[in-house]
>>> print(open('model23.pdb').read())   # PDB, C-alpha atoms
ATOM      1  CA  MET A   1      36.415 -73.618  14.735
ATOM      2  CA  ARG A   2      37.850 -71.751  11.760
ATOM      3  CA  PHE A   3      36.267 -68.317  11.631
ATOM      4  CA  LEU A   4      37.844 -66.968   8.463
ATOM      5  CA  PRO A   5      37.102 -67.873   4.842
ATOM      6  CA  THR A   6      39.476 -70.301   3.179
ATOM      7  CA  ALA A   7      41.683 -69.137   0.334
ATOM      8  CA  GLU A   8      39.340 -70.796  -2.152
ATOM      9  CA  GLN A   9      36.292 -69.095  -0.657
ATOM     10  CA  SER A  10      38.029 -65.716  -0.669
ATOM     11  CA  ASP A  11      39.072 -66.207  -4.289
ATOM     12  CA  TYR A  12      35.477 -66.927  -5.258
ATOM     13  CA  ALA A  13      34.255 -63.804  -3.473
ATOM     14  CA  GLY A  14      36.971 -61.835  -5.248
ATOM     15  CA  THR A  15      35.837 -63.191  -8.610
ATOM     16  CA  LEU A  16      32.283 -62.036  -7.926
ATOM     17  CA  HIS A  17      33.540 -58.644  -6.755
ATOM     18  CA  ARG A  18      35.448 -58.067  -9.992
ATOM     19  CA  LEU A  19      32.602 -59.352 -12.169
ATOM     20  CA  LEU A  20      30.020 -57.134 -10.501
ATOM     21  CA  GLY A  21      32.347 -54.140 -10.553
ATOM     22  CA  ALA A  22      32.588 -54.399 -14.336
ATOM     23  CA  CYS A  23      28.820 -54.609 -14.931
ATOM     24  CA  GLU A  24      27.689 -50.974 -14.524
ATOM     25  CA  LEU A  25      25.157 -52.096 -11.954
ATOM     26  CA  PRO A  26      23.783 -48.644 -11.016
ATOM     27  CA  ALA A  27      22.318 -48.349 -14.524
ATOM     28  CA  ALA A  28      20.896 -51.879 -14.271
ATOM     29  CA  VAL A  29      19.333 -51.096 -10.888
ATOM     30  CA  ARG A  30      17.669 -47.946 -12.235
ATOM     31  CA  ALA A  31      16.354 -49.866 -15.237
ATOM     32  CA  TRP A  32      15.007 -52.602 -12.951
ATOM     33  CA  ALA A  33      13.245 -50.012 -10.814
ATOM     34  CA  GLY A  34      11.674 -48.594 -13.966
ATOM     35  CA  GLY A  35      10.251 -51.965 -14.982
ATOM     36  CA  ASP A  36      12.990 -53.019 -17.425
ATOM     37  CA  PRO A  37      14.706 -56.139 -16.037
ATOM     38  CA  ALA A  38      16.800 -56.856 -19.162
ATOM     39  CA  PRO A  39      20.115 -55.273 -17.985
ATOM     40  CA  GLY A  40      19.767 -56.914 -14.570
ATOM     41  CA  LEU A  41      19.045 -60.299 -16.134
ATOM     42  CA  GLN A  42      22.185 -59.958 -18.234
ATOM     43  CA  VAL A  43      24.163 -59.634 -15.003
ATOM     44  CA  TRP A  44      22.169 -62.592 -13.632
ATOM     45  CA  ARG A  45      23.396 -64.777 -16.490
ATOM     46  CA  LYS A  46      26.996 -63.715 -15.872
ATOM     47  CA  LEU A  47      26.634 -64.620 -12.201
ATOM     48  CA  ALA A  48      25.203 -67.984 -13.207
ATOM     49  CA  GLY A  49      28.420 -68.633 -15.105
ATOM     50  CA  THR A  50      30.341 -68.494 -11.817
ATOM     51  CA  GLY A  51      28.160 -71.231 -10.319
ATOM     52  CA  LEU A  52      26.443 -68.853  -7.887
ATOM     53  CA  PHE A  53      22.950 -70.268  -8.288
ATOM     54  CA  ALA A  54      24.225 -73.840  -8.112
ATOM     55  CA  LEU A  55      25.557 -73.343  -4.564
ATOM     56  CA  PRO A  56      22.257 -74.098  -2.732
ATOM     57  CA  VAL A  57      21.340 -76.995  -5.065
ATOM     58  CA  PRO A  58      22.449 -80.580  -4.290
ATOM     59  CA  GLU A  59      24.857 -82.240  -6.704
ATOM     60  CA  ALA A  60      22.203 -84.795  -7.659
ATOM     61  CA  TYR A  61      20.307 -82.008  -9.445
ATOM     62  CA  ASP A  62      23.238 -80.340 -11.251
ATOM     63  CA  GLY A  63      24.170 -78.219  -8.264
ATOM     64  CA  LEU A  64      27.324 -77.730  -6.198
ATOM     65  CA  GLY A  65      25.907 -77.695  -2.704
ATOM     66  CA  PRO A  66      24.396 -77.030  -0.401
ATOM     67  CA  LEU A  67      27.201 -74.622   0.535
ATOM     68  CA  PRO A  68      25.846 -71.977   2.960
ATOM     69  CA  VAL A  69      29.222 -70.414   3.815
ATOM     70  CA  GLU A  70      30.090 -69.826   0.168
ATOM     71  CA  LEU A  71      26.611 -68.436  -0.394
ATOM     72  CA  ALA A  72      26.952 -66.030   2.532
ATOM     73  CA  LEU A  73      30.238 -64.726   1.120
ATOM     74  CA  ALA A  74      28.694 -64.400  -2.330
ATOM     75  CA  TYR A  75      25.599 -62.573  -1.112
ATOM     76  CA  GLY A  76      27.770 -60.140   0.775
ATOM     77  CA  GLU A  77      29.252 -59.224  -2.600
ATOM     78  CA  LEU A  78      25.767 -58.947  -4.133
ATOM     79  CA  GLY A  79      24.786 -56.512  -1.383
ATOM     80  CA  ARG A  80      27.991 -54.530  -1.785
ATOM     81  CA  ALA A  81      27.341 -54.182  -5.519
ATOM     82  CA  GLY A  82      23.605 -53.455  -5.104
ATOM     83  CA  MET A  83      22.491 -56.364  -7.304
ATOM     84  CA  PRO A  84      18.752 -56.150  -8.101
ATOM     85  CA  GLY A  85      16.327 -59.042  -8.426
ATOM     86  CA  PRO A  86      15.097 -61.950  -6.295
ATOM     87  CA  VAL A  87      18.529 -63.416  -5.635
ATOM     88  CA  VAL A  88      17.648 -64.429  -2.073
ATOM     89  CA  GLU A  89      14.285 -65.805  -3.126
ATOM     90  CA  THR A  90      15.805 -67.925  -5.898
ATOM     91  CA  ALA A  91      18.244 -69.546  -3.474
ATOM     92  CA  ALA A  92      15.513 -70.037  -0.854
ATOM     93  CA  ALA A  93      13.254 -71.651  -3.466
ATOM     94  CA  ALA A  94      16.055 -74.082  -4.319
ATOM     95  CA  VAL A  95      16.421 -74.941  -0.622
ATOM     96  CA  LEU A  96      12.661 -75.384  -0.289
ATOM     97  CA  LEU A  97      12.500 -77.817  -3.212
ATOM     98  CA  SER A  98      15.621 -79.671  -2.048
ATOM     99  CA  SER A  99      14.187 -80.120   1.449
ATOM    100  CA  LEU A 100      10.796 -81.460   0.339
ATOM    101  CA  GLY A 101      12.048 -84.916  -0.514
ATOM    102  CA  ASP A 102       9.964 -84.925  -3.696
ATOM    103  CA  GLU A 103      12.228 -86.168  -6.491
ATOM    104  CA  THR A 104       9.755 -85.277  -9.233
ATOM    105  CA  LEU A 105       9.563 -81.625  -8.186
ATOM    106  CA  ALA A 106      13.310 -81.460  -7.634
ATOM    107  CA  GLU A 107      14.044 -82.783 -11.119
ATOM    108  CA  ARG A 108      11.469 -80.415 -12.605
ATOM    109  CA  PHE A 109      12.792 -77.182 -11.138
ATOM    110  CA  LEU A 110      16.252 -77.497  -9.573
ATOM    111  CA  PRO A 111      18.465 -77.944 -12.674
ATOM    112  CA  GLY A 112      17.065 -74.750 -14.200
ATOM    113  CA  LEU A 113      17.569 -72.820 -10.968
ATOM    114  CA  ALA A 114      21.131 -74.142 -10.593
ATOM    115  CA  ALA A 115      22.030 -73.118 -14.147
ATOM    116  CA  GLY A 116      20.597 -69.630 -13.703
ATOM    117  CA  GLU A 117      18.129 -70.272 -16.513
ATOM    118  CA  SER A 118      15.200 -69.804 -14.122
ATOM    119  CA  VAL A 119      14.478 -66.907 -11.774
ATOM    120  CA  ALA A 120      12.290 -67.707  -8.770
ATOM    121  CA  THR A 121      10.431 -65.747  -6.165
ATOM    122  CA  LEU A 122       8.476 -67.148  -3.244
ATOM    123  CA  THR A 123       6.393 -66.328  -0.206
ATOM    124  CA  LEU A 124       6.575 -68.345   3.005
ATOM    125  CA  PRO A 125       4.704 -68.338   6.319
ATOM    126  CA  GLY A 126       6.527 -65.877   8.565
ATOM    127  CA  GLY A 127       8.393 -64.342   5.639
ATOM    128  CA  GLY A 128       6.200 -61.375   4.755
ATOM    129  CA  PRO A 129       3.018 -60.991   2.722
ATOM    130  CA  TYR A 130       4.483 -59.882  -0.634
ATOM    131  CA  ALA A 131       6.369 -61.580  -3.428
ATOM    132  CA  LEU A 132       9.508 -59.802  -4.622
ATOM    133  CA  ASP A 133       9.924 -59.219  -8.359
ATOM    134  CA  ALA A 134       7.145 -61.562  -9.399
ATOM    135  CA  GLU A 135       6.964 -59.964 -12.876
ATOM    136  CA  PRO A 136      10.361 -61.097 -14.223
ATOM    137  CA  ALA A 137      10.356 -64.359 -12.222
ATOM    138  CA  THR A 138      10.125 -67.586 -14.187
ATOM    139  CA  HIS A 139       8.594 -69.411 -11.211
ATOM    140  CA  ARG A 140       6.478 -67.936  -8.406
ATOM    141  CA  PHE A 141       6.281 -70.328  -5.462
ATOM    142  CA  ALA A 142       3.852 -69.687  -2.629
ATOM    143  CA  VAL A 143       3.539 -71.675   0.607
ATOM    144  CA  SER A 144       0.387 -71.120   2.640
ATOM    145  CA  ALA A 145       0.016 -71.396   6.398
ATOM    146  CA  ALA A 146      -2.017 -74.544   5.734
ATOM    147  CA  GLY A 147       1.011 -76.232   4.162
ATOM    148  CA  GLU A 148       0.132 -75.925   0.479
ATOM    149  CA  LEU A 149       2.902 -75.247  -2.040
ATOM    150  CA  ARG A 150       1.578 -73.684  -5.235
ATOM    151  CA  LEU A 151       3.066 -72.352  -8.433
ATOM    152  CA  ALA A 152       1.333 -68.994  -8.467
ATOM    153  CA  PRO A 153       0.275 -67.116 -11.624
ATOM    154  CA  GLY A 154       1.639 -63.709 -12.596
ATOM    155  CA  PRO A 155       0.962 -60.711 -10.348
ATOM    156  CA  ASP A 156      -2.104 -58.526 -10.704
ATOM    157  CA  ARG A 157      -0.326 -55.360  -9.562
ATOM    158  CA  VAL A 158       2.954 -53.970  -8.289
ATOM    159  CA  LEU A 159       3.102 -51.967  -5.057
ATOM    160  CA  ALA A 160       5.293 -48.978  -4.259
ATOM    161  CA  SER A 161       8.342 -49.778  -2.155
ATOM    162  CA  THR A 162      10.887 -47.776  -0.191
ATOM    163  CA  ASP A 163      13.435 -49.227  -2.592
ATOM    164  CA  PRO A 164      12.081 -48.797  -6.146
ATOM    165  CA  ALA A 165      14.236 -51.726  -7.274
ATOM    166  CA  ARG A 166      12.320 -54.035  -4.901
ATOM    167  CA  ARG A 167       9.082 -54.518  -6.841
ATOM    168  CA  LEU A 168       6.523 -56.102  -4.495
ATOM    169  CA  SER A 169       3.299 -57.872  -5.413
ATOM    170  CA  PRO A 170       0.566 -59.594  -3.397
ATOM    171  CA  PRO A 171       0.647 -63.326  -4.246
ATOM    172  CA  ALA A 172      -1.967 -64.104  -6.894
ATOM    173  CA  ALA A 173      -4.638 -66.590  -5.865
ATOM    174  CA  GLY A 174      -4.805 -70.070  -7.329
ATOM    175  CA  GLY A 175      -2.128 -71.733  -9.391
ATOM    176  CA  GLU A 176      -0.876 -75.301  -9.725
ATOM    177  CA  LEU A 177      -0.789 -77.257  -6.461
ATOM    178  CA  LEU A 178       2.674 -78.824  -6.229
ATOM    179  CA  ALA A 179       2.621 -80.369  -2.746
ATOM    180  CA  ALA A 180       0.806 -80.212   0.583
ATOM    181  CA  GLY A 181       1.211 -81.422   4.135
ATOM    182  CA  PRO A 182       3.628 -81.218   7.073
ATOM    183  CA  ALA A 183       6.651 -81.821   4.830
ATOM    184  CA  VAL A 184       5.901 -78.550   3.018
ATOM    185  CA  LEU A 185       5.815 -76.568   6.271
ATOM    186  CA  SER A 186       9.031 -78.209   7.464
ATOM    187  CA  ALA A 187      10.785 -77.389   4.177
ATOM    188  CA  ALA A 188       9.386 -73.840   4.342
ATOM    189  CA  GLY A 189      10.967 -73.377   7.779
ATOM    190  CA  THR A 190      14.333 -74.472   6.399
ATOM    191  CA  ALA A 191      13.995 -72.146   3.415
ATOM    192  CA  LEU A 192      13.083 -69.255   5.715
ATOM    193  CA  ARG A 193      16.311 -69.737   7.695
ATOM    194  CA  TRP A 194      18.356 -69.660   4.498
ATOM    195  CA  ALA A 195      16.515 -66.561   3.276
ATOM    196  CA  ARG A 196      17.281 -64.795   6.562
ATOM    197  CA  LEU A 197      20.939 -65.816   6.403
ATOM    198  CA  LEU A 198      21.429 -64.600   2.847
ATOM    199  CA  THR A 199      19.563 -61.359   3.546
ATOM    200  CA  ALA A 200      21.852 -60.811   6.540
ATOM    201  CA  ALA A 201      24.845 -61.271   4.238
ATOM    202  CA  GLN A 202      23.326 -58.788   1.795
ATOM    203  CA  CYS A 203      22.842 -56.295   4.642
ATOM    204  CA  LEU A 204      26.499 -56.660   5.561
ATOM    205  CA  GLY A 205      27.542 -55.889   1.985
ATOM    206  CA  VAL A 206      25.171 -52.925   1.704
ATOM    207  CA  GLY A 207      26.499 -51.494   4.963
ATOM    208  CA  GLU A 208      30.105 -51.869   3.812
ATOM    209  CA  ALA A 209      29.316 -50.151   0.507
ATOM    210  CA  LEU A 210      27.658 -47.252   2.316
ATOM    211  CA  LEU A 211      30.558 -46.901   4.750
ATOM    212  CA  GLY A 212      33.160 -47.014   1.979
ATOM    213  CA  ARG A 213      31.396 -44.326  -0.065
ATOM    214  CA  THR A 214      30.945 -42.137   3.012
ATOM    215  CA  VAL A 215      34.617 -42.404   3.975
ATOM    216  CA  GLU A 216      35.654 -41.370   0.459
ATOM    217  CA  TYR A 217      33.237 -38.440   0.549
ATOM    218  CA  ALA A 218      34.542 -37.352   3.961
ATOM    219  CA  LYS A 219      38.063 -37.198   2.517
ATOM    220  CA  GLN A 220      36.962 -34.974  -0.383
ATOM    221  CA  ARG A 221      34.315 -32.693   1.150
ATOM    222  CA  THR A 222      35.862 -29.663   2.796
ATOM    223  CA  GLN A 223      34.520 -27.240   5.364
ATOM    224  CA  PHE A 224      36.420 -24.296   6.841
ATOM    225  CA  GLY A 225      39.250 -25.247   4.494
ATOM    226  CA  THR A 226      39.734 -28.811   5.760
ATOM    227  CA  PRO A 227      38.264 -32.214   4.831
ATOM    228  CA  ILE A 228      35.296 -33.065   7.056
ATOM    229  CA  GLY A 229      36.883 -36.460   7.692
ATOM    230  CA  GLY A 230      39.354 -34.684   9.958
ATOM    231  CA  PHE A 231      36.634 -33.568  12.376
ATOM    232  CA  GLN A 232      36.462 -35.644  15.523
ATOM    233  CA  ALA A 233      32.669 -35.977  15.451
ATOM    234  CA  VAL A 234      32.805 -37.364  11.905
ATOM    235  CA  LYS A 235      35.569 -39.788  12.844
ATOM    236  CA  HIS A 236      33.534 -41.071  15.775
ATOM    237  CA  ARG A 237      30.439 -41.532  13.637
ATOM    238  CA  LEU A 238      32.350 -43.494  11.008
ATOM    239  CA  ALA A 239      34.137 -45.561  13.651
ATOM    240  CA  ASP A 240      30.822 -46.491  15.277
ATOM    241  CA  THR A 241      29.479 -47.539  11.873
ATOM    242  CA  LEU A 242      32.551 -49.700  11.248
ATOM    243  CA  LEU A 243      32.267 -51.330  14.679
ATOM    244  CA  GLY A 244      28.636 -52.219  14.048
ATOM    245  CA  LEU A 245      29.499 -53.931  10.765
ATOM    246  CA  GLU A 246      32.524 -55.729  12.194
ATOM    247  CA  PHE A 247      30.440 -56.977  15.114
ATOM    248  CA  ALA A 248      27.849 -58.346  12.694
ATOM    249  CA  ARG A 249      30.348 -60.134  10.450
ATOM    250  CA  PRO A 250      31.256 -63.068  12.751
ATOM    251  CA  LEU A 251      27.584 -63.567  13.571
ATOM    252  CA  VAL A 252      26.846 -63.994   9.855
ATOM    253  CA  TRP A 253      29.683 -66.521   9.478
ATOM    254  CA  ALA A 254      28.556 -68.397  12.596
ATOM    255  CA  ALA A 255      25.005 -68.566  11.262
ATOM    256  CA  ALA A 256      26.292 -69.920   7.940
ATOM    257  CA  LEU A 257      28.171 -72.637   9.811
ATOM    258  CA  THR A 258      25.363 -73.724  12.139
ATOM    259  CA  LEU A 259      22.135 -72.669  10.356
ATOM    260  CA  THR A 260      20.290 -72.854  13.677
ATOM    261  CA  PRO A 261      17.213 -70.594  13.955
ATOM    262  CA  ARG A 262      18.719 -68.646  16.852
ATOM    263  CA  ASP A 263      22.088 -68.004  15.184
ATOM    264  CA  VAL A 264      20.450 -67.010  11.907
ATOM    265  CA  ALA A 265      18.058 -64.633  13.669
ATOM    266  CA  ALA A 266      20.940 -63.058  15.616
ATOM    267  CA  ALA A 267      22.904 -62.549  12.411
ATOM    268  CA  LYS A 268      19.925 -61.055  10.585
ATOM    269  CA  LEU A 269      19.106 -58.722  13.474
ATOM    270  CA  THR A 270      22.667 -57.479  13.926
ATOM    271  CA  ALA A 271      23.574 -57.127  10.247
ATOM    272  CA  GLY A 272      20.261 -55.464   9.435
ATOM    273  CA  GLU A 273      20.621 -52.894  12.191
ATOM    274  CA  ALA A 274      24.272 -52.249  11.248
ATOM    275  CA  ALA A 275      23.309 -51.635   7.616
ATOM    276  CA  TYR A 276      20.519 -49.276   8.657
ATOM    277  CA  ARG A 277      22.883 -47.302  10.920
ATOM    278  CA  ALA A 278      25.395 -47.134   8.060
ATOM    279  CA  ALA A 279      22.655 -45.659   5.876
ATOM    280  CA  MET A 280      21.775 -43.056   8.489
ATOM    281  CA  SER A 281      25.429 -42.092   8.895
ATOM    282  CA  ALA A 282      25.903 -41.876   5.133
ATOM    283  CA  LEU A 283      22.844 -39.681   4.750
ATOM    284  CA  GLN A 284      23.849 -37.334   7.542
ATOM    285  CA  LEU A 285      27.494 -36.985   6.521
ATOM    286  CA  HIS A 286      26.694 -36.443   2.843
ATOM    287  CA  GLY A 287      24.319 -33.635   3.776
ATOM    288  CA  ALA A 288      21.735 -32.421   1.284
ATOM    289  CA  VAL A 289      23.426 -34.147  -1.660
ATOM    290  CA  GLY A 290      22.627 -37.482  -0.003
ATOM    291  CA  TYR A 291      18.925 -36.994  -0.701
ATOM    292  CA  THR A 292      19.324 -36.721  -4.465
ATOM    293  CA  GLU A 293      18.313 -39.641  -6.661
ATOM    294  CA  GLU A 294      21.004 -38.755  -9.201
ATOM    295  CA  LEU A 295      23.709 -39.725  -6.712
ATOM    296  CA  ASP A 296      24.448 -43.467  -6.857
ATOM    297  CA  LEU A 297      24.580 -43.472  -3.058
ATOM    298  CA  SER A 298      20.768 -43.370  -3.063
ATOM    299  CA  LEU A 299      20.640 -46.871  -4.573
ATOM    300  CA  TRP A 300      22.210 -48.299  -1.411
ATOM    301  CA  LEU A 301      20.497 -45.904   0.991
ATOM    302  CA  ARG A 302      17.114 -47.170  -0.170
ATOM    303  CA  LYS A 303      18.089 -50.807   0.268
ATOM    304  CA  ALA A 304      19.141 -50.667   3.901
ATOM    305  CA  ARG A 305      15.775 -50.477   5.645
ATOM    306  CA  PRO A 306      13.831 -52.866   3.351
ATOM    307  CA  LEU A 307      16.572 -55.475   3.703
ATOM    308  CA  ARG A 308      16.638 -54.953   7.454
ATOM    309  CA  ASP A 309      12.942 -55.849   7.569
ATOM    310  CA  ALA A 310      12.852 -58.523   4.843
ATOM    311  CA  TRP A 311      12.551 -62.187   5.893
ATOM    312  CA  GLY A 312      12.282 -61.265   9.555
ATOM    313  CA  SER A 313      11.882 -57.818  11.085
ATOM    314  CA  PRO A 314      14.110 -56.810  14.021
ATOM    315  CA  SER A 315      11.295 -57.591  16.489
ATOM    316  CA  GLU A 316      10.719 -61.028  14.941
ATOM    317  CA  CYS A 317      14.429 -61.831  15.030
ATOM    318  CA  ARG A 318      14.705 -60.677  18.654
ATOM    319  CA  ALA A 319      11.814 -62.941  19.558
ATOM    320  CA  GLU A 320      13.560 -65.876  17.848
ATOM    321  CA  VAL A 321      16.815 -65.201  19.710
ATOM    322  CA  LEU A 322      14.993 -65.021  23.049
ATOM    323  CA  ARG A 323      12.983 -68.122  22.279
TER     324      ARG A 323
END
>>> encode(input="model23.pdb", output="structure tokens")
Amino acid sequence: MRFLPTAEQSDYAGTLHRLLGACELPAAVRAWAGGDPAPGLQVWRKLAGTGLFALPVPEAYDGLGPLPVELALAYGELGRAGMPGPVVETAAAAVLLSSLGDETLAERFLPGLAAGESVATLTLPGGGPYALDAEPATHRFAVSAAGELRLAPGPDRVLASTDPARRLSPPAAGGELLAAGPAVLSAAGTALRWARLLTAAQCLGVGEALLGRTVEYAKQRTQFGTPIGGFQAVKHRLADTLLGLEFARPLVWAAALTLTPRDVAAAKLTAGEAAYRAAMSALQLHGAVGYTEELDLSLWLRKARPLRDAWGSPSECRAEVLR
């Protein structure tokens, strides 16, 4: 089994890294959190030009996939850059519609999702009670525990979140009934696995961004006339953070290769916990300045715990692994 990305996959990840690095994302994230999605949607359209949103869509519907390994690499870059918006939900919605076996629905929605012209959010059984970023979403899919897939109307309200850029809404009642039955629940289970995988990849990227910023700060911040990065306790804390992320990485790649529920849950659990520990280390080593909203570090600090719990909390993922 090859456990490293190919040259082509690495080149694609590098393209996304450079594109996102040139987009002034911190300003877009703050605007998104304030209810203005326009700057974030501009970045969304640039990402669409790289074929990102075509990766989970079959070729029959203007897509390039499904390509879970490429998606995992790409979503690691999205996490590292702090990209706002329902990027995971859009990909999971594409997987849901692809797995239904309903050609009419696939032709109706998938080409727009693949081209990045549509933004989707969705709720699934076992995936949490709230829809992410339902306001700017073009399509709001909701699957009930009874196996009904509906196109939900706009949200009635937006709830406060630990991460202000994750705007959560209770799914609105009613809406167009698109499909119902066991096939919907089966497709929802597949979409849930993909959502967990891509969230795990995001967690990995968020953790790496937090570690990188903390290492740079430790080189610059001095105490008693010497950089704090030279203190043994700081070195140990950073090394433990790095080990956690490096341990999670192969689990994410393995999950992308197999897509089995157990492997995906293990990847989500490990990457989520590693990102959360990276956030705690970053906060502690930055000291009081780490609490300030003006510091860009806060944009990643606030993502770590919500992403750890999204699409499968640690306890739910542990239960899946043990099952």
>>> resolve_selection(input="model23.pdb", expression="the PyMOL selection byres ((chain A and resi 241) around 10)", output="list of chain:residue names")
A:Gly207, A:Glu208, A:Leu210, A:Leu211, A:Lys235, A:His236, A:Arg237, A:Leu238, A:Ala239, A:Asp240, A:Leu242, A:Leu243, A:Gly244, A:Leu245, A:Glu246, A:Ala274, A:Ala275, A:Tyr276, A:Arg277, A:Ala278, A:Ala279, A:Met280, A:Ser281, A:Ala282
>>> closest_residue(input="model23.pdb", among="A:Pro182, A:Ala145, A:Arg213, A:Arg140", to="Ser169 in chain A", atoms="only C-alpha atoms")
A:Arg140
>>> closest_residue(input="model23.pdb", among="A:Gly85, A:Gly175, A:Pro250, A:Pro68", to="Ala31 in chain A", atoms="only C-alpha atoms")
A:Gly85
>>> resolve_selection(input="model23.pdb", expression="the PyMOL selection byres ((chain A and resi 10-13) around 10)", output="list of chain:residue names")
A:Leu4, A:Pro5, A:Thr6, A:Ala7, A:Glu8, A:Gln9, A:Gly14, A:Thr15, A:Leu16, A:His17, A:Arg18, A:Leu19, A:Thr50, A:Gly51, A:Leu52, A:Glu70, A:Leu71, A:Ala72, A:Leu73, A:Ala74, A:Tyr75, A:Gly76, A:Glu77, A:Leu78
>>> residues_near_point(input="model23.pdb", point="(11.8, -65.8, 14.2)", cutoff="10 Å", atoms="all atoms listed in the file", output="PDB file with C-alpha atoms, in the coordinates of the input")
ATOM      1  CA  GLY A 126       6.527 -65.877   8.565  1.00  0.00           C
ATOM      2  CA  GLY A 127       8.393 -64.342   5.639  1.00  0.00           C
ATOM      3  CA  GLY A 189      10.967 -73.377   7.779  1.00  0.00           C
ATOM      4  CA  LEU A 192      13.083 -69.255   5.715  1.00  0.00           C
ATOM      5  CA  ARG A 193      16.311 -69.737   7.695  1.00  0.00           C
ATOM      6  CA  ARG A 196      17.281 -64.795   6.562  1.00  0.00           C
ATOM      7  CA  PRO A 261      17.213 -70.594  13.955  1.00  0.00           C
ATOM      8  CA  ARG A 262      18.719 -68.646  16.852  1.00  0.00           C
ATOM      9  CA  VAL A 264      20.450 -67.010  11.907  1.00  0.00           C
ATOM     10  CA  ALA A 265      18.058 -64.633  13.669  1.00  0.00           C
ATOM     11  CA  ALA A 266      20.940 -63.058  15.616  1.00  0.00           C
ATOM     12  CA  TRP A 311      12.551 -62.187   5.893  1.00  0.00           C
ATOM     13  CA  GLY A 312      12.282 -61.265   9.555  1.00  0.00           C
ATOM     14  CA  SER A 313      11.882 -57.818  11.085  1.00  0.00           C
ATOM     15  CA  PRO A 314      14.110 -56.810  14.021  1.00  0.00           C
ATOM     16  CA  SER A 315      11.295 -57.591  16.489  1.00  0.00           C
ATOM     17  CA  GLU A 316      10.719 -61.028  14.941  1.00  0.00           C
ATOM     18  CA  CYS A 317      14.429 -61.831  15.030  1.00  0.00           C
ATOM     19  CA  ARG A 318      14.705 -60.677  18.654  1.00  0.00           C
ATOM     20  CA  ALA A 319      11.814 -62.941  19.558  1.00  0.00           C
ATOM     21  CA  GLU A 320      13.560 -65.876  17.848  1.00  0.00           C
ATOM     22  CA  VAL A 321      16.815 -65.201  19.710  1.00  0.00           C
ATOM     23  CA  LEU A 322      14.993 -65.021  23.049  1.00  0.00           C
ATOM     24  CA  ARG A 323      12.983 -68.122  22.279  1.00  0.00           C
TER      25      ARG A 323
END
>>> resolve_selection(input="model23.pdb", expression="the PyMOL selection byres ((chain A and resi 168) around 9)", output="list in words")
Tyr130, Ala131, Leu132, Asp133, Ala134, Arg157, Val158, Leu159, Ala160, Ser161, Arg166, Arg167, Ser169 and Pro170 of chain A
>>> closest_residue(input="model23.pdb", among="A:Leu47, A:Ala114, A:Val88, A:Leu20", to="Pro66 in chain A", atoms="all atoms listed in the file")
A:Ala114
>>> atom_distance(input="model23.pdb", atom1="CA of Val143 in chain A", atom2="CA of Leu177 in chain A")
10.0 Å
